[in-house]
Structure formats: C-alpha cells, structure tokens
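Colleague: To be precise about what I am sending: the file is called structure-v3.tsv and holds TSV, C-alpha atoms.
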chain	number	residue	atom	x	y	z
A	274	MET	CA	24.01	18.10	-2.68
A	275	TYR	CA	25.79	16.41	0.26
A	276	MET	CA	27.02	19.75	1.64
A	277	ARG	CA	23.54	21.24	1.39
A	278	LEU	CA	22.01	18.31	3.29
A	279	LYS	CA	24.78	18.55	5.90
A	280	ARG	CA	24.11	22.27	6.39
A	281	ILE	CA	20.36	21.68	6.75
A	282	LEU	CA	20.93	18.92	9.32
A	283	MET	CA	23.36	21.11	11.25
A	284	SER	CA	20.87	23.99	11.22
A	285	LEU	CA	18.11	21.68	12.39
A	286	THR	CA	20.29	20.26	15.17
A	287	GLY	CA	21.46	23.73	16.24
A	288	VAL	CA	17.90	25.07	16.40
A	289	ILE	CA	16.68	22.10	18.44
A	290	ILE	CA	19.56	22.33	20.93
A	291	THR	CA	19.12	26.09	21.21
A	292	ALA	CA	15.38	25.75	21.74
A	293	ILE	CA	15.87	23.17	24.47
A	294	SER	CA	18.30	25.53	26.19
A	295	VAL	CA	15.80	28.41	26.01
A	296	GLY	CA	13.12	26.15	27.51
A	297	THR	CA	15.59	25.28	30.25
A	298	PHE	CA	16.29	28.98	30.87
A	299	LYS	CA	12.56	29.65	31.16
A	300	PHE	CA	12.24	26.76	33.58
A	301	ALA	CA	15.16	27.94	35.71
A	302	ALA	CA	13.52	31.38	35.94
A	303	LEU	CA	16.90	33.06	36.45
A	304	GLY	CA	16.74	35.25	33.35
A	305	VAL	CA	16.61	35.03	29.58
A	306	ASP	CA	17.77	37.19	26.69
A	307	PRO	CA	15.80	40.35	25.76
A	308	PHE	CA	13.89	38.75	22.89
A	309	GLN	CA	12.78	35.82	25.04
A	310	THR	CA	11.77	38.30	27.74
A	311	PHE	CA	9.59	40.03	25.15
A	312	MET	CA	8.19	36.67	24.04
A	313	THR	CA	7.46	35.61	27.63
A	314	GLY	CA	5.61	38.89	28.22
A	315	MET	CA	3.62	38.46	25.03
A	316	ASP	CA	2.87	34.87	26.02
A	317	ALA	CA	1.42	36.11	29.31
A	318	LEU	CA	-0.79	38.64	27.50
A	319	ILE	CA	-1.98	36.63	24.48
A	320	PRO	CA	-3.88	33.40	25.18
A	321	ILE	CA	-2.34	31.16	22.51
A	322	GLY	CA	0.47	28.63	22.74
A	323	PHE	CA	4.04	29.92	22.99
A	324	GLY	CA	5.07	28.03	19.83
A	325	THR	CA	2.29	29.57	17.74
A	326	LEU	CA	2.95	33.02	19.16
A	327	TYR	CA	6.66	32.65	18.35
A	328	VAL	CA	5.85	31.78	14.73
A	329	ILE	CA	3.49	34.75	14.36
A	330	ILE	CA	5.87	37.33	15.83
A	331	ASN	CA	8.87	36.00	13.91
A	332	ALA	CA	6.84	35.95	10.69
A	333	VAL	CA	6.13	39.66	11.19
A	334	LEU	CA	9.84	40.28	11.78
A	335	LEU	CA	10.62	38.21	8.69
A	336	LEU	CA	8.51	40.60	6.61
A	337	PHE	CA	10.85	43.42	7.62
A	338	ALA	CA	13.86	41.33	6.63
A	339	LEU	CA	12.22	40.56	3.28
A	340	ALA	CA	11.61	44.26	2.70
A	341	PHE	CA	15.12	45.43	3.57
A	342	ASP	CA	17.60	42.63	2.88
A	343	ARG	CA	16.59	39.23	1.51
A	344	HIS	CA	20.22	38.15	1.39
A	345	TYR	CA	20.15	36.82	4.96
A	346	ILE	CA	17.04	34.66	4.55
A	347	GLY	CA	17.60	30.98	3.85
A	348	ILE	CA	16.47	27.52	4.86
A	349	SER	CA	17.89	28.01	8.36
A	350	THR	CA	15.66	31.04	8.82
A	351	LEU	CA	12.60	28.97	8.03
A	352	ILE	CA	13.71	26.12	10.30
A	353	ASN	CA	14.18	28.64	13.09
A	354	LEU	CA	10.85	30.31	12.36
A	355	PHE	CA	8.70	27.19	12.40
A	356	LEU	CA	10.51	24.94	14.89
A	357	LEU	CA	12.13	26.90	17.70
A	358	GLY	CA	8.99	28.12	19.48
A	359	TYR	CA	7.38	24.69	19.58
A	360	VAL	CA	10.53	22.99	20.90
A	361	VAL	CA	10.88	25.70	23.57
A	362	GLN	CA	7.28	25.16	24.60
A	363	PHE	CA	7.71	21.37	24.66
A	364	SER	CA	10.94	21.41	26.67
A	365	TYR	CA	9.58	23.96	29.16
A	366	ASP	CA	6.33	22.02	29.66
A	367	THR	CA	8.26	18.76	30.03
A	368	LEU	CA	10.52	20.23	32.71
A	369	LEU	CA	7.51	21.65	34.56
A	370	THR	CA	5.89	18.22	34.48
A	371	ILE	CA	9.00	16.49	35.82
A	372	PHE	CA	9.77	19.18	38.43
A	373	PRO	CA	6.47	20.92	39.29
A	374	ASN	CA	7.85	22.85	42.29
A	375	ALA	CA	11.52	23.15	41.45
A	376	SER	CA	13.81	24.44	44.17
A	377	MET	CA	16.98	26.43	43.59
A	378	MET	CA	18.91	23.14	43.83
A	379	VAL	CA	17.17	22.11	40.59
A	380	ARG	CA	16.93	25.51	38.92
A	381	ILE	CA	20.63	26.44	39.18
A	382	PRO	CA	21.90	23.25	37.48
A	383	SER	CA	19.15	23.75	34.89
A	384	PHE	CA	20.46	27.24	34.20
A	385	ILE	CA	24.04	25.96	33.88
A	386	PHE	CA	22.91	23.17	31.54
A	387	GLY	CA	20.94	25.71	29.48
A	388	PHE	CA	23.96	27.99	29.20
A	389	VAL	CA	26.27	25.21	27.99
A	390	ALA	CA	23.61	23.86	25.62
A	391	LEU	CA	22.97	27.35	24.22
A	392	CYS	CA	26.68	27.82	23.47
A	393	PHE	CA	26.87	24.45	21.75
A	394	GLY	CA	23.59	24.88	19.85
A	395	CYS	CA	24.57	28.34	18.59
A	396	SER	CA	27.96	27.11	17.44
A	397	VAL	CA	26.36	24.26	15.48
A	398	TYR	CA	23.76	26.61	13.97
A	399	ILE	CA	26.27	29.30	13.01
A	400	THR	CA	28.74	26.77	11.58
A	401	ALA	CA	26.02	25.51	9.25
Let me see the structure of the file written as structure tokens.
Modeller:
Amino acid sequence: MYMRLKRILMSLTGVIITAISVGTFKFAALGVDPFQTFMTGMDALIPIGFGTLYVIINAVLLLFALAFDRHYIGISTLINLFLLGYVVQFSYDTLLTIFPNASMMVRIPSFIFGFVALCFGCSVYITA
C-alpha cells in the first residue's frame, strides 16, 4: 500500500512539474515538442480552453491505446490525461499575467527554466 501511494504521489508530482515546464515553454515562445505544437494549433482553431481540449484529444488517443495494448494504461495515465492540460493552461496564463509583454531577456531564462524543469519532472514521472 505504501509503495502504491508513493508511486501515485511521484506520478502526480512529475505531471505537475512537467506541465509547468510546458506552460513555460509556451510562454517563452521559442519552441515546443511536436505534440504540444499540434495542441497549440488545435487550441488556435477550436474555441475551448486548452485544458479541456487536451483532455478531449488525449481521451481519443487513449481509446487507441485501449484497443491495441491496455498493458501500458495505469493510474499515471489518468493523472496525465486529466491534470496536465489544466496545469499547462494555468501556468501559461499566470506567466502572461505577470509578464504581459515579455522581452527576450525574460523569455530566454523562462526557456532554460522550462528545460531543466521538464528534465526533472520527466525523471520523477518515469521513476514512479
């Protein structure tokens, strides 16, 4: 029971840190991974919140995973599905509120912070 709780908390922590880093990448506007590029494009086309859109698109992708290999689906998958998009949206909106017209002197350190945070968040998530 203790190990299961520890793994859930590590997954939760990893997802939150990773989501904050993705929000920071979006804020820095210096590039994101291909999936986030797709999500940003969809966000520009579909007039709903980024968090809700993320849940919908990942739920569709989850259906494919359920059809082909259920082995990889666990509690971490559900945490990622329902939490990551909303934390990305929150962190991005918060950074835009704090720095409405961010210069490169703000965006470059944001990108570096996002990169380090992404590495750390992924390592916590994968370790779980």
Colleague: In Å, with one decimal, what is the gap from CA of Ile381 in chain A to CA of Asn353 in chain A?
Modeller: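 Computing the Euclidean distance for CA of Ile381 in chain A and CA of Asn353 in chain A yields 27.0 Å.
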Colleague: Quick one: of A:Leu326, A:Ile289, A:Ile321, A:Ala301, who's nearest to Leu391 in chain A, counting all atoms listed in the file?
Modeller: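 For Leu391 in chain A, the nearest of the candidates is A:Ile289.
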Colleague: Quick one: pull the distance between CA of Ala401 in chain A and CA of Lys279 in chain A, Å, one decimal.
Modeller: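 Calculated distance between CA of Ala401 in chain A and CA of Lys279 in chain A is 7.8 Å.
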Colleague: Restricting the calculation to all atoms listed in the file: of A:Val305, A:Ile329, A:Met377, A:Val397, which residue gets closest to Thr286 in chain A?
Modeller: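 Smallest distance to Thr286 in chain A is found for A:Val397.
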Colleague: May I ask for the distance between CA of Pro373 in chain A and CA of Leu356 in chain A, given in Å to one decimal place?
Modeller: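 Pair CA of Pro373 in chain A / CA of Leu356 in chain A returns 25.1 Å.
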Colleague: Just want the 10 Å neighbourhood of range 333-338 of chain A, counted on all atoms listed in the file, with same-chain residues fewer than 5 positions away dropped. Output as a PyMOL selection string.
Modeller: chain A and resi 328+343-346+350-351+354
Colleague: With 3 Å added on each side, what axis-aligned box encloses every listed atom of range 324-341 of chain A? Give the centre and edge lengths in Å to one decimal, as JSON.
Modeller:
{"center_x": 8.7, "center_y": 36.7, "center_z": 11.3, "size_x": 18.8, "size_y": 23.4, "size_z": 23.1}
Colleague: What's the 12 Å shell around Thr325 in chain A, counting all atoms listed in the file, without same-chain residues fewer than 2 positions away, as a count of residues only?
Modeller: 23
Colleague: What would range 365-379 of chain A look like with N, CA, C and O atoms in place, written as a tab-separated table (two decimals), in the frame of the given file?
Modeller:
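Final file, result_13.tsv:
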chain	number	residue	atom	x	y	z
A	365	TYR	N	10.01	23.26	27.95
A	365	TYR	CA	9.58	23.96	29.16
A	365	TYR	C	8.45	23.19	29.85
A	365	TYR	O	8.49	22.96	31.06
A	366	ASP	N	7.45	22.78	29.08
A	366	ASP	CA	6.33	22.02	29.66
A	366	ASP	C	6.79	20.68	30.22
A	366	ASP	O	6.31	20.24	31.27
A	367	THR	N	7.74	20.04	29.54
A	367	THR	CA	8.26	18.76	30.03
A	367	THR	C	8.98	18.94	31.36
A	367	THR	O	8.79	18.16	32.30
A	368	LEU	N	9.81	19.97	31.46
A	368	LEU	CA	10.52	20.23	32.71
A	368	LEU	C	9.56	20.58	33.84
A	368	LEU	O	9.76	20.16	34.98
A	369	LEU	N	8.51	21.33	33.53
A	369	LEU	CA	7.51	21.65	34.56
A	369	LEU	C	6.76	20.41	35.01
A	369	LEU	O	6.37	20.31	36.18
A	370	THR	N	6.56	19.46	34.12
A	370	THR	CA	5.89	18.22	34.48
A	370	THR	C	6.78	17.36	35.37
A	370	THR	O	6.32	16.78	36.36
A	371	ILE	N	8.06	17.30	35.04
A	371	ILE	CA	9.00	16.49	35.82
A	371	ILE	C	9.28	17.12	37.18
A	371	ILE	O	9.35	16.43	38.19
A	372	PHE	N	9.46	18.45	37.19
A	372	PHE	CA	9.77	19.18	38.43
A	372	PHE	C	8.71	20.27	38.65
A	372	PHE	O	8.96	21.44	38.37
A	373	PRO	N	7.54	19.91	39.17
A	373	PRO	CA	6.47	20.92	39.29
A	373	PRO	C	6.79	22.07	40.24
A	373	PRO	O	6.39	23.19	40.00
A	374	ASN	N	7.48	21.81	41.32
A	374	ASN	CA	7.85	22.85	42.29
A	374	ASN	C	9.36	22.83	42.48
A	374	ASN	O	9.86	22.47	43.54
A	375	ALA	N	10.06	23.24	41.44
A	375	ALA	CA	11.52	23.15	41.45
A	375	ALA	C	12.14	24.12	42.45
A	375	ALA	O	11.81	25.31	42.48
A	376	SER	N	13.06	23.61	43.24
A	376	SER	CA	13.81	24.44	44.17
A	376	SER	C	15.03	25.02	43.45
A	376	SER	O	15.33	24.67	42.31
A	377	MET	N	15.74	25.86	44.16
A	377	MET	CA	16.98	26.43	43.59
A	377	MET	C	18.01	25.35	43.30
A	377	MET	O	18.82	25.51	42.40
A	378	MET	N	17.98	24.25	44.05
A	378	MET	CA	18.91	23.14	43.83
A	378	MET	C	18.65	22.45	42.49
A	378	MET	O	19.52	21.76	41.97
A	379	VAL	N	17.49	22.64	41.92
A	379	VAL	CA	17.17	22.11	40.59
A	379	VAL	C	17.33	23.20	39.55
A	379	VAL	O	17.83	22.96	38.45
